[in-house]
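With mmCIF, N, CA and C atoms inside, this is coords.cif:
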data_target
#
loop_
_atom_site.label_atom_id
_atom_site.label_comp_id
_atom_site.auth_asym_id
_atom_site.auth_seq_id
_atom_site.Cartn_x
_atom_site.Cartn_y
_atom_site.Cartn_z
N MET A 1 -34.08 26.38 -26.49
CA MET A 1 -33.72 25.20 -25.75
C MET A 1 -32.63 24.41 -26.47
N LYS A 2 -32.79 24.27 -27.80
CA LYS A 2 -31.82 23.54 -28.59
C LYS A 2 -30.46 24.23 -28.54
N GLN A 3 -30.47 25.54 -28.49
CA GLN A 3 -29.24 26.32 -28.44
C GLN A 3 -28.50 26.07 -27.11
N LYS A 4 -29.23 25.92 -26.01
CA LYS A 4 -28.64 25.64 -24.71
C LYS A 4 -27.96 24.28 -24.71
N VAL A 5 -28.60 23.29 -25.26
CA VAL A 5 -28.04 21.94 -25.33
C VAL A 5 -26.77 21.95 -26.17
N THR A 6 -26.81 22.65 -27.30
CA THR A 6 -25.65 22.74 -28.18
C THR A 6 -24.48 23.41 -27.45
N ARG A 7 -24.76 24.49 -26.74
CA ARG A 7 -23.71 25.16 -25.95
C ARG A 7 -23.15 24.23 -24.89
N TYR A 8 -24.02 23.49 -24.24
CA TYR A 8 -23.60 22.55 -23.20
C TYR A 8 -22.68 21.48 -23.79
N ILE A 9 -23.06 20.93 -24.93
CA ILE A 9 -22.25 19.88 -25.57
C ILE A 9 -20.91 20.46 -26.02
N ILE A 10 -20.92 21.63 -26.63
CA ILE A 10 -19.67 22.26 -27.07
C ILE A 10 -18.79 22.58 -25.85
N GLY A 11 -19.40 23.06 -24.79
CA GLY A 11 -18.65 23.35 -23.56
C GLY A 11 -18.03 22.11 -22.96
N ALA A 12 -18.80 21.01 -22.96
CA ALA A 12 -18.28 19.76 -22.41
C ALA A 12 -17.11 19.24 -23.25
N PHE A 13 -17.23 19.30 -24.57
CA PHE A 13 -16.13 18.87 -25.44
C PHE A 13 -14.91 19.76 -25.26
N PHE A 14 -15.14 21.07 -25.13
CA PHE A 14 -14.03 22.00 -24.91
C PHE A 14 -13.32 21.68 -23.60
N PHE A 15 -14.10 21.45 -22.55
CA PHE A 15 -13.53 21.11 -21.24
C PHE A 15 -12.72 19.82 -21.32
N LEU A 16 -13.28 18.81 -21.96
CA LEU A 16 -12.59 17.52 -22.11
C LEU A 16 -11.31 17.70 -22.92
N PHE A 17 -11.38 18.47 -24.00
CA PHE A 17 -10.21 18.72 -24.83
C PHE A 17 -9.12 19.41 -24.01
N MET A 18 -9.48 20.41 -23.22
CA MET A 18 -8.50 21.15 -22.41
C MET A 18 -7.88 20.23 -21.35
N CYS A 19 -8.68 19.36 -20.76
CA CYS A 19 -8.15 18.43 -19.76
C CYS A 19 -7.13 17.48 -20.37
N LEU A 20 -7.41 17.01 -21.56
CA LEU A 20 -6.53 16.04 -22.19
C LEU A 20 -5.27 16.67 -22.77
N THR A 21 -5.33 17.91 -23.19
CA THR A 21 -4.18 18.52 -23.84
C THR A 21 -3.38 19.46 -22.94
N SER A 22 -3.97 20.00 -21.90
CA SER A 22 -3.26 20.98 -21.09
C SER A 22 -2.36 20.32 -20.04
N CYS A 23 -2.60 19.08 -19.73
CA CYS A 23 -1.80 18.39 -18.73
C CYS A 23 -0.75 17.54 -19.42
N SER A 24 0.47 17.69 -18.97
CA SER A 24 1.50 16.80 -19.49
C SER A 24 1.88 15.85 -18.37
N ILE A 25 2.06 14.62 -18.72
CA ILE A 25 2.39 13.62 -17.72
C ILE A 25 3.90 13.55 -17.61
N GLU A 26 4.40 13.72 -16.39
CA GLU A 26 5.84 13.63 -16.13
C GLU A 26 6.15 12.20 -15.77
N THR A 27 6.91 11.53 -16.62
CA THR A 27 7.33 10.18 -16.27
C THR A 27 8.46 10.28 -15.29
N ASP A 28 8.58 9.30 -14.42
CA ASP A 28 9.57 9.41 -13.37
C ASP A 28 10.97 9.07 -13.80
N GLY A 29 11.15 8.45 -14.95
CA GLY A 29 12.49 8.14 -15.42
C GLY A 29 13.19 7.05 -14.63
N ALA A 30 12.53 6.50 -13.64
CA ALA A 30 13.16 5.50 -12.80
C ALA A 30 13.01 4.10 -13.37
N GLY A 31 12.18 3.93 -14.35
CA GLY A 31 12.05 2.64 -15.02
C GLY A 31 11.74 1.48 -14.09
N GLY A 32 10.79 1.64 -13.21
CA GLY A 32 10.40 0.57 -12.29
C GLY A 32 11.15 0.59 -10.97
N LEU A 33 12.07 1.51 -10.80
CA LEU A 33 12.83 1.61 -9.54
C LEU A 33 12.15 2.52 -8.53
N GLU A 34 11.21 3.34 -9.00
CA GLU A 34 10.63 4.35 -8.14
C GLU A 34 10.16 3.75 -6.81
N GLY A 35 10.34 4.54 -5.78
CA GLY A 35 9.90 4.11 -4.46
C GLY A 35 11.05 4.08 -3.47
N TYR A 36 10.77 3.44 -2.37
CA TYR A 36 11.63 3.42 -1.19
C TYR A 36 12.13 2.00 -0.97
N TRP A 37 13.44 1.78 -1.08
CA TRP A 37 14.04 0.45 -1.00
C TRP A 37 14.92 0.34 0.24
N HIS A 38 14.65 -0.66 1.08
CA HIS A 38 15.42 -0.92 2.29
C HIS A 38 16.61 -1.82 1.95
N LEU A 39 17.82 -1.36 2.22
CA LEU A 39 19.02 -2.17 2.01
C LEU A 39 19.11 -3.18 3.15
N VAL A 40 18.87 -4.46 2.84
CA VAL A 40 18.77 -5.47 3.89
C VAL A 40 20.00 -6.37 4.02
N LYS A 41 20.83 -6.44 2.95
CA LYS A 41 21.98 -7.33 3.01
C LYS A 41 23.00 -6.91 1.96
N VAL A 42 24.29 -7.07 2.31
CA VAL A 42 25.38 -6.80 1.37
C VAL A 42 26.32 -7.99 1.40
N ASP A 43 26.58 -8.55 0.21
CA ASP A 43 27.56 -9.63 0.06
C ASP A 43 28.81 -9.05 -0.57
N THR A 44 29.97 -9.38 0.01
CA THR A 44 31.25 -9.06 -0.61
C THR A 44 31.65 -10.30 -1.40
N VAL A 45 31.61 -10.21 -2.71
CA VAL A 45 31.76 -11.37 -3.58
C VAL A 45 33.12 -12.03 -3.44
N GLU A 46 34.19 -11.23 -3.41
CA GLU A 46 35.56 -11.77 -3.37
C GLU A 46 35.82 -12.60 -2.12
N THR A 47 35.34 -12.14 -0.97
CA THR A 47 35.61 -12.84 0.29
C THR A 47 34.51 -13.82 0.68
N GLY A 48 33.35 -13.69 0.05
CA GLY A 48 32.23 -14.54 0.40
C GLY A 48 31.53 -14.11 1.68
N ARG A 49 31.91 -12.97 2.23
CA ARG A 49 31.29 -12.48 3.47
C ARG A 49 29.97 -11.80 3.17
N SER A 50 29.07 -11.93 4.11
CA SER A 50 27.75 -11.35 3.98
C SER A 50 27.44 -10.53 5.23
N THR A 51 26.85 -9.36 5.04
CA THR A 51 26.48 -8.50 6.16
C THR A 51 24.97 -8.29 6.15
N ASP A 52 24.33 -8.70 7.23
CA ASP A 52 22.89 -8.53 7.38
C ASP A 52 22.61 -7.12 7.88
N LEU A 53 21.89 -6.35 7.08
CA LEU A 53 21.56 -4.97 7.45
C LEU A 53 20.07 -4.79 7.71
N SER A 54 19.35 -5.88 7.85
CA SER A 54 17.89 -5.79 7.98
C SER A 54 17.46 -5.00 9.22
N ASP A 55 18.30 -4.97 10.26
CA ASP A 55 17.95 -4.19 11.45
C ASP A 55 18.36 -2.72 11.33
N HIS A 56 19.15 -2.40 10.33
CA HIS A 56 19.56 -1.02 10.09
C HIS A 56 18.52 -0.36 9.19
N LEU A 57 18.40 0.92 9.30
CA LEU A 57 17.38 1.64 8.53
C LEU A 57 18.03 2.45 7.42
N LEU A 58 18.72 1.73 6.52
CA LEU A 58 19.36 2.35 5.36
C LEU A 58 18.46 2.16 4.14
N PHE A 59 18.16 3.24 3.44
CA PHE A 59 17.23 3.20 2.33
C PHE A 59 17.79 3.90 1.11
N TRP A 60 17.42 3.39 -0.04
CA TRP A 60 17.61 4.08 -1.32
C TRP A 60 16.22 4.45 -1.80
N SER A 61 16.07 5.69 -2.22
CA SER A 61 14.79 6.16 -2.74
C SER A 61 15.01 6.73 -4.13
N PHE A 62 14.18 6.30 -5.09
CA PHE A 62 14.31 6.74 -6.48
C PHE A 62 13.09 7.58 -6.86
N GLN A 63 13.38 8.73 -7.46
CA GLN A 63 12.30 9.56 -7.97
C GLN A 63 12.86 10.42 -9.10
N VAL A 64 12.15 10.46 -10.22
CA VAL A 64 12.55 11.16 -11.43
C VAL A 64 13.95 10.67 -11.80
N HIS A 65 14.99 11.48 -11.70
CA HIS A 65 16.35 11.04 -12.02
C HIS A 65 17.28 11.21 -10.83
N ILE A 66 16.73 11.18 -9.63
CA ILE A 66 17.51 11.34 -8.41
C ILE A 66 17.34 10.12 -7.51
N MET A 67 18.47 9.62 -7.00
CA MET A 67 18.45 8.58 -5.97
C MET A 67 18.93 9.23 -4.68
N GLU A 68 18.19 9.00 -3.61
CA GLU A 68 18.59 9.51 -2.31
C GLU A 68 18.89 8.34 -1.40
N GLY A 69 20.04 8.39 -0.76
CA GLY A 69 20.40 7.42 0.28
C GLY A 69 20.11 8.05 1.62
N VAL A 70 19.31 7.35 2.43
CA VAL A 70 18.86 7.90 3.71
C VAL A 70 19.10 6.88 4.82
N ASP A 71 19.61 7.37 5.95
CA ASP A 71 19.75 6.55 7.14
C ASP A 71 18.73 7.05 8.16
N ARG A 72 17.67 6.29 8.38
CA ARG A 72 16.59 6.70 9.29
C ARG A 72 16.99 6.60 10.76
N GLN A 73 18.16 6.02 11.05
CA GLN A 73 18.65 6.00 12.43
C GLN A 73 19.53 7.21 12.72
N GLY A 74 19.88 7.97 11.68
CA GLY A 74 20.62 9.21 11.85
C GLY A 74 22.11 9.06 12.08
N MET A 75 22.66 7.87 11.82
CA MET A 75 24.11 7.69 12.00
C MET A 75 24.91 8.25 10.83
N TYR A 76 24.32 8.25 9.64
CA TYR A 76 25.02 8.69 8.43
C TYR A 76 24.25 9.81 7.76
N SER A 77 24.99 10.67 7.09
CA SER A 77 24.38 11.78 6.35
C SER A 77 23.65 11.25 5.12
N SER A 78 22.59 11.92 4.75
CA SER A 78 21.86 11.57 3.54
C SER A 78 22.66 12.02 2.32
N ILE A 79 22.57 11.20 1.26
CA ILE A 79 23.30 11.50 0.03
C ILE A 79 22.33 11.52 -1.15
N LEU A 80 22.73 12.19 -2.19
CA LEU A 80 21.95 12.25 -3.43
C LEU A 80 22.85 11.83 -4.59
N PHE A 81 22.27 11.14 -5.54
CA PHE A 81 22.96 10.78 -6.78
C PHE A 81 22.02 11.07 -7.94
N ARG A 82 22.56 11.44 -9.05
CA ARG A 82 21.81 11.37 -10.29
C ARG A 82 21.90 9.91 -10.72
N PHE A 83 20.90 9.43 -11.44
CA PHE A 83 20.98 8.07 -11.92
C PHE A 83 20.38 7.94 -13.30
N GLU A 84 20.86 6.90 -14.00
CA GLU A 84 20.31 6.51 -15.29
C GLU A 84 20.07 5.02 -15.24
N LYS A 85 18.96 4.59 -15.78
CA LYS A 85 18.65 3.17 -15.88
C LYS A 85 18.47 2.83 -17.35
N ASP A 86 19.20 1.80 -17.79
CA ASP A 86 19.10 1.35 -19.17
C ASP A 86 19.05 -0.17 -19.15
N GLU A 87 17.89 -0.72 -19.53
CA GLU A 87 17.70 -2.18 -19.49
C GLU A 87 17.97 -2.68 -18.07
N ASN A 88 19.05 -3.49 -17.90
CA ASN A 88 19.34 -4.04 -16.57
C ASN A 88 20.56 -3.38 -15.94
N LEU A 89 20.90 -2.16 -16.37
CA LEU A 89 22.02 -1.43 -15.78
C LEU A 89 21.53 -0.18 -15.07
N LEU A 90 22.12 0.08 -13.91
CA LEU A 90 21.81 1.27 -13.12
C LEU A 90 23.12 2.02 -12.90
N ARG A 91 23.19 3.24 -13.40
CA ARG A 91 24.39 4.06 -13.26
C ARG A 91 24.09 5.19 -12.28
N LEU A 92 24.91 5.27 -11.22
CA LEU A 92 24.83 6.37 -10.26
C LEU A 92 26.01 7.30 -10.51
N TYR A 93 25.77 8.59 -10.49
CA TYR A 93 26.85 9.55 -10.72
C TYR A 93 26.50 10.89 -10.07
N GLU A 94 27.50 11.75 -9.96
CA GLU A 94 27.38 13.08 -9.37
C GLU A 94 26.82 13.03 -7.95
N PRO A 95 27.57 12.44 -7.02
CA PRO A 95 27.09 12.35 -5.64
C PRO A 95 27.13 13.70 -4.94
N ARG A 96 26.10 13.92 -4.15
CA ARG A 96 26.01 15.16 -3.38
C ARG A 96 25.56 14.84 -1.96
N LEU A 97 26.02 15.65 -1.04
CA LEU A 97 25.56 15.57 0.33
C LEU A 97 24.20 16.26 0.39
N HIS A 98 23.21 15.60 0.94
CA HIS A 98 21.88 16.21 1.00
C HIS A 98 21.85 17.23 2.13
N ASP A 99 22.17 18.45 1.76
CA ASP A 99 22.21 19.58 2.68
C ASP A 99 21.75 20.82 1.92
N PRO A 100 20.42 21.00 1.82
CA PRO A 100 19.89 22.13 1.04
C PRO A 100 20.41 23.49 1.49
N ALA A 101 20.67 23.66 2.78
CA ALA A 101 21.15 24.95 3.28
C ALA A 101 22.53 25.28 2.71
N ALA A 102 23.33 24.26 2.41
CA ALA A 102 24.67 24.46 1.85
C ALA A 102 24.68 24.28 0.33
N GLY A 103 23.50 24.10 -0.27
CA GLY A 103 23.42 23.93 -1.72
C GLY A 103 23.72 22.52 -2.19
N ASP A 104 23.53 21.53 -1.34
CA ASP A 104 23.80 20.12 -1.68
C ASP A 104 25.19 19.97 -2.33
N PRO A 105 26.26 20.16 -1.53
CA PRO A 105 27.61 20.15 -2.10
C PRO A 105 28.00 18.78 -2.67
N ILE A 106 28.86 18.81 -3.68
CA ILE A 106 29.38 17.59 -4.29
C ILE A 106 30.25 16.86 -3.26
N ILE A 107 30.13 15.55 -3.23
CA ILE A 107 30.88 14.72 -2.28
C ILE A 107 32.23 14.35 -2.88
N ASP A 108 33.28 14.63 -2.12
CA ASP A 108 34.63 14.19 -2.48
C ASP A 108 35.10 13.07 -1.55
N ASP A 109 34.57 13.04 -0.34
CA ASP A 109 34.95 12.05 0.67
C ASP A 109 34.07 10.80 0.51
N LEU A 110 34.67 9.70 0.05
CA LEU A 110 33.91 8.47 -0.22
C LEU A 110 33.31 7.84 1.03
N SER A 111 33.74 8.24 2.21
CA SER A 111 33.20 7.65 3.44
C SER A 111 31.70 7.94 3.61
N TYR A 112 31.19 8.97 2.93
CA TYR A 112 29.75 9.24 2.97
C TYR A 112 28.96 8.18 2.20
N LEU A 113 29.59 7.56 1.21
CA LEU A 113 28.91 6.63 0.31
C LEU A 113 28.91 5.19 0.80
N ILE A 114 30.00 4.79 1.45
CA ILE A 114 30.23 3.39 1.82
C ILE A 114 29.10 2.76 2.64
N PRO A 115 28.50 3.46 3.62
CA PRO A 115 27.41 2.83 4.39
C PRO A 115 26.23 2.40 3.51
N PHE A 116 26.09 3.01 2.35
CA PHE A 116 24.97 2.71 1.45
C PHE A 116 25.33 1.67 0.39
N GLY A 117 26.52 1.07 0.52
CA GLY A 117 26.95 0.04 -0.43
C GLY A 117 27.51 0.60 -1.72
N ILE A 118 27.93 1.85 -1.69
CA ILE A 118 28.47 2.51 -2.87
C ILE A 118 29.94 2.82 -2.59
N ASN A 119 30.82 2.46 -3.52
CA ASN A 119 32.25 2.59 -3.28
C ASN A 119 32.93 3.71 -4.05
N ASP A 120 32.24 4.32 -4.99
CA ASP A 120 32.90 5.33 -5.82
C ASP A 120 31.90 6.42 -6.21
N LYS A 121 32.43 7.53 -6.72
CA LYS A 121 31.58 8.66 -7.11
C LYS A 121 30.77 8.38 -8.36
N GLU A 122 31.19 7.41 -9.13
CA GLU A 122 30.39 6.94 -10.25
C GLU A 122 30.40 5.43 -10.18
N GLU A 123 29.23 4.84 -10.17
CA GLU A 123 29.09 3.40 -9.95
C GLU A 123 28.04 2.85 -10.91
N THR A 124 28.33 1.71 -11.51
CA THR A 124 27.36 1.05 -12.38
C THR A 124 27.03 -0.31 -11.80
N PHE A 125 25.75 -0.56 -11.61
CA PHE A 125 25.26 -1.82 -11.07
C PHE A 125 24.49 -2.57 -12.14
N THR A 126 24.63 -3.88 -12.13
CA THR A 126 23.75 -4.73 -12.92
C THR A 126 22.55 -5.05 -12.04
N ILE A 127 21.37 -4.89 -12.58
CA ILE A 127 20.16 -5.23 -11.84
C ILE A 127 19.92 -6.72 -12.08
N GLU A 128 20.27 -7.52 -11.09
CA GLU A 128 20.14 -8.97 -11.23
C GLU A 128 18.71 -9.44 -11.00
N GLN A 129 18.03 -8.77 -10.09
CA GLN A 129 16.64 -9.11 -9.80
C GLN A 129 15.89 -7.82 -9.52
N SER A 130 14.71 -7.70 -10.07
CA SER A 130 13.86 -6.56 -9.79
C SER A 130 12.41 -7.01 -9.94
N SER A 131 11.80 -7.24 -8.81
CA SER A 131 10.38 -7.59 -8.81
C SER A 131 9.66 -6.45 -8.11
N GLY A 132 8.40 -6.61 -7.88
CA GLY A 132 7.66 -5.56 -7.20
C GLY A 132 8.12 -5.29 -5.79
N SER A 133 8.73 -6.30 -5.14
CA SER A 133 9.07 -6.13 -3.74
C SER A 133 10.54 -6.38 -3.40
N ARG A 134 11.31 -6.90 -4.34
CA ARG A 134 12.73 -7.20 -4.07
C ARG A 134 13.59 -6.77 -5.25
N MET A 135 14.84 -6.37 -4.90
CA MET A 135 15.79 -5.98 -5.93
C MET A 135 17.18 -6.42 -5.49
N THR A 136 17.97 -6.89 -6.44
CA THR A 136 19.37 -7.25 -6.20
C THR A 136 20.23 -6.52 -7.21
N LEU A 137 21.25 -5.81 -6.71
CA LEU A 137 22.18 -5.08 -7.56
C LEU A 137 23.57 -5.66 -7.37
N TYR A 138 24.36 -5.65 -8.46
CA TYR A 138 25.72 -6.21 -8.41
C TYR A 138 26.65 -5.29 -9.19
N ASN A 139 27.81 -4.95 -8.59
CA ASN A 139 28.76 -4.06 -9.26
C ASN A 139 30.11 -4.72 -9.51
N GLY A 140 30.21 -6.04 -9.36
CA GLY A 140 31.47 -6.75 -9.55
C GLY A 140 32.22 -6.95 -8.25
N ILE A 141 31.89 -6.18 -7.23
CA ILE A 141 32.52 -6.28 -5.91
C ILE A 141 31.50 -6.65 -4.85
N LEU A 142 30.37 -5.94 -4.89
CA LEU A 142 29.31 -6.13 -3.89
C LEU A 142 28.02 -6.54 -4.57
N ARG A 143 27.24 -7.30 -3.85
CA ARG A 143 25.87 -7.63 -4.25
C ARG A 143 24.97 -7.05 -3.16
N LEU A 144 24.09 -6.17 -3.56
CA LEU A 144 23.20 -5.47 -2.61
C LEU A 144 21.79 -6.02 -2.75
N TYR A 145 21.18 -6.33 -1.63
CA TYR A 145 19.82 -6.87 -1.59
C TYR A 145 18.89 -5.83 -0.96
N PHE A 146 17.79 -5.58 -1.63
CA PHE A 146 16.82 -4.59 -1.17
C PHE A 146 15.43 -5.20 -1.06
N ARG A 147 14.65 -4.64 -0.15
CA ARG A 147 13.22 -4.94 -0.03
C ARG A 147 12.46 -3.64 -0.18
N LYS A 148 11.46 -3.64 -1.01
CA LYS A 148 10.69 -2.41 -1.23
C LYS A 148 9.75 -2.18 -0.07
N MET A 149 9.68 -0.94 0.35
CA MET A 149 8.81 -0.55 1.47
C MET A 149 7.52 0.03 0.93
#

Written as structure tokens, that's how I'd like the structure from this file.
Amino acid sequence: MKQKVTRYIIGAFFFLFMCLTSCSIETDGAGGLEGYWHLVKVDTVETGRSTDLSDHLLFWSFQVHIMEGVDRQGMYSSILFRFEKDENLLRLYEPRLHDPAAGDPIIDDLSYLIPFGINDKEETFTIEQSSGSRMTLYNGILRLYFRKM
């Protein structure tokens, strides 16, 4: 009987040890950006003009080291960017058209990016505000306002 209990305890410790050591946790690398963000407003700083996009279904989605721009109304093609976040800076680079059948080709035509508030193939934003439900990004030209979904 004592031998059975000892085997049970050793088995339980072995199982617990394997659970704790065999799984590696993949961090998302998004540094608090992860999730689905609705682009609700864009301010053009130089002109003082503001565009309300709350009725449009333009989203930025962050996961691991990829940002996807998606238009849920289907007017614009989906785009992908690699991104890096460091403190209050967000760098987007290596834009691709989200088209798996074509191998997600690199974007050369900037018109794919503009609807999402991005003006160049490499863009750095200052994260002015980032709470659980709202985010504001600024690149020196545009200020983008997001609401988390």

A straight line from atom CA of A:Phe125 to atom CA of A:Tyr145 spans 12.0 Å

Please write out, as lines of an AutoDock Vina configuration file, where the centre of an axis-aligned box around all listed atoms of stretch 110-119 of chain A lies and how long its edges are, in Å to one decimal, after adding 8 Å on each side.
center_x = 29.8
center_y = 4.9
center_z = 0.2
size_x = 25.7
size_y = 25.7
size_z = 24.4

Exercise for review: Determine the residue set returned by the PyMOL selection byres (((chain A and resi 127 and name CA) around 12) and name CA) for the present structure, and present it as a list in words.
Suggested key: Gly31, Gly32, Leu33, Lys85, Asp86, Glu87, Asn88, Leu89, Leu90, Arg91, Thr124, Phe125, Thr126, Glu128, Gln129, Ser130, Ser131, Arg134, Met135, Thr136, Leu137, Tyr138, Asn139, Gly140, Arg143, Leu144, Tyr145 and Phe146 of chain A

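Across the structure, atom N of A:Ala102 and atom C of A:Ser78 are spaced 12.3 Å apart.
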
Target residues per the PyMOL selection byres ((chain A and resi 43-58) around 8), formatted as an mmCIF file with N, CA and C atoms, in the coordinates of the input:
data_model
loop_
_atom_site.group_PDB
_atom_site.id
_atom_site.type_symbol
_atom_site.label_atom_id
_atom_site.label_comp_id
_atom_site.auth_asym_id
_atom_site.auth_seq_id
_atom_site.Cartn_x
_atom_site.Cartn_y
_atom_site.Cartn_z
ATOM 1 N N TRP A 37 13.440 1.780 -1.080
ATOM 2 C CA TRP A 37 14.040 0.450 -1.000
ATOM 3 C C TRP A 37 14.920 0.340 0.240
ATOM 4 N N HIS A 38 14.650 -0.660 1.080
ATOM 5 C CA HIS A 38 15.420 -0.920 2.290
ATOM 6 C C HIS A 38 16.610 -1.820 1.950
ATOM 7 N N LEU A 39 17.820 -1.360 2.220
ATOM 8 C CA LEU A 39 19.020 -2.170 2.010
ATOM 9 C C LEU A 39 19.110 -3.180 3.150
ATOM 10 N N VAL A 40 18.870 -4.460 2.840
ATOM 11 C CA VAL A 40 18.770 -5.470 3.890
ATOM 12 C C VAL A 40 20.000 -6.370 4.020
ATOM 13 N N LYS A 41 20.830 -6.440 2.950
ATOM 14 C CA LYS A 41 21.980 -7.330 3.010
ATOM 15 C C LYS A 41 23.000 -6.910 1.960
ATOM 16 N N VAL A 42 24.290 -7.070 2.310
ATOM 17 C CA VAL A 42 25.380 -6.800 1.370
ATOM 18 C C VAL A 42 26.320 -7.990 1.400
ATOM 19 N N PHE A 59 18.160 3.240 3.440
ATOM 20 C CA PHE A 59 17.230 3.200 2.330
ATOM 21 C C PHE A 59 17.790 3.900 1.110
ATOM 22 N N TRP A 60 17.420 3.390 -0.040
ATOM 23 C CA TRP A 60 17.610 4.080 -1.320
ATOM 24 C C TRP A 60 16.220 4.450 -1.800
ATOM 25 N N SER A 61 16.070 5.690 -2.220
ATOM 26 C CA SER A 61 14.790 6.160 -2.740
ATOM 27 C C SER A 61 15.010 6.730 -4.130
ATOM 28 N N GLY A 69 20.040 8.390 -0.760
ATOM 29 C CA GLY A 69 20.400 7.420 0.280
ATOM 30 C C GLY A 69 20.110 8.050 1.620
ATOM 31 N N VAL A 70 19.310 7.350 2.430
ATOM 32 C CA VAL A 70 18.860 7.900 3.710
ATOM 33 C C VAL A 70 19.100 6.880 4.820
ATOM 34 N N ASP A 71 19.610 7.370 5.950
ATOM 35 C CA ASP A 71 19.750 6.550 7.140
ATOM 36 C C ASP A 71 18.730 7.050 8.160
ATOM 37 N N ARG A 72 17.670 6.290 8.380
ATOM 38 C CA ARG A 72 16.590 6.700 9.290
ATOM 39 C C ARG A 72 16.990 6.600 10.760
ATOM 40 N N GLN A 73 18.160 6.020 11.050
ATOM 41 C CA GLN A 73 18.650 6.000 12.430
ATOM 42 C C GLN A 73 19.530 7.210 12.720
ATOM 43 N N GLY A 74 19.880 7.970 11.680
ATOM 44 C CA GLY A 74 20.620 9.210 11.850
ATOM 45 C C GLY A 74 22.110 9.060 12.080
ATOM 46 N N PRO A 115 28.500 3.460 3.620
ATOM 47 C CA PRO A 115 27.410 2.830 4.390
ATOM 48 C C PRO A 115 26.230 2.400 3.510
ATOM 49 N N PHE A 116 26.090 3.010 2.350
ATOM 50 C CA PHE A 116 24.970 2.710 1.450
ATOM 51 C C PHE A 116 25.330 1.670 0.390
ATOM 52 N N GLY A 140 30.210 -6.040 -9.360
ATOM 53 C CA GLY A 140 31.470 -6.750 -9.550
ATOM 54 C C GLY A 140 32.220 -6.950 -8.250
ATOM 55 N N ILE A 141 31.890 -6.180 -7.230
ATOM 56 C CA ILE A 141 32.520 -6.280 -5.910
ATOM 57 C C ILE A 141 31.500 -6.650 -4.850
ATOM 58 N N LEU A 142 30.370 -5.940 -4.890
ATOM 59 C CA LEU A 142 29.310 -6.130 -3.890
ATOM 60 C C LEU A 142 28.020 -6.540 -4.570
ATOM 61 N N ARG A 143 27.240 -7.300 -3.850
ATOM 62 C CA ARG A 143 25.870 -7.630 -4.250
ATOM 63 C C ARG A 143 24.970 -7.050 -3.160
ATOM 64 N N LEU A 144 24.090 -6.170 -3.560
ATOM 65 C CA LEU A 144 23.200 -5.470 -2.610
ATOM 66 C C LEU A 144 21.790 -6.020 -2.750
ATOM 67 N N TYR A 145 21.180 -6.330 -1.630
ATOM 68 C CA TYR A 145 19.820 -6.870 -1.590
ATOM 69 C C TYR A 145 18.890 -5.830 -0.960
#

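Atom pair atom C of A:Leu80 / atom CA of A:Gly35: separated by 15.1 Å.
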
Residue members of the PyMOL selection byres ((chain A and resi 98) around 5) in the file shown, as a ChimeraX atom specification = /A:78-80,96-97,99-100

- What would the list of residues within 10 Å of (3.5, -5.9, -1.4) (file frame) look like as number ranges by chain, if only C-alpha atoms are what count? A: 132-134, 147-149

Check: Can you list every residue in stretch 76-133 of chain A that DSSP puts in helix (DSSP H, G or I), as a ChimeraX atom specification?
Finding: /A:100-102,110-112,114-116
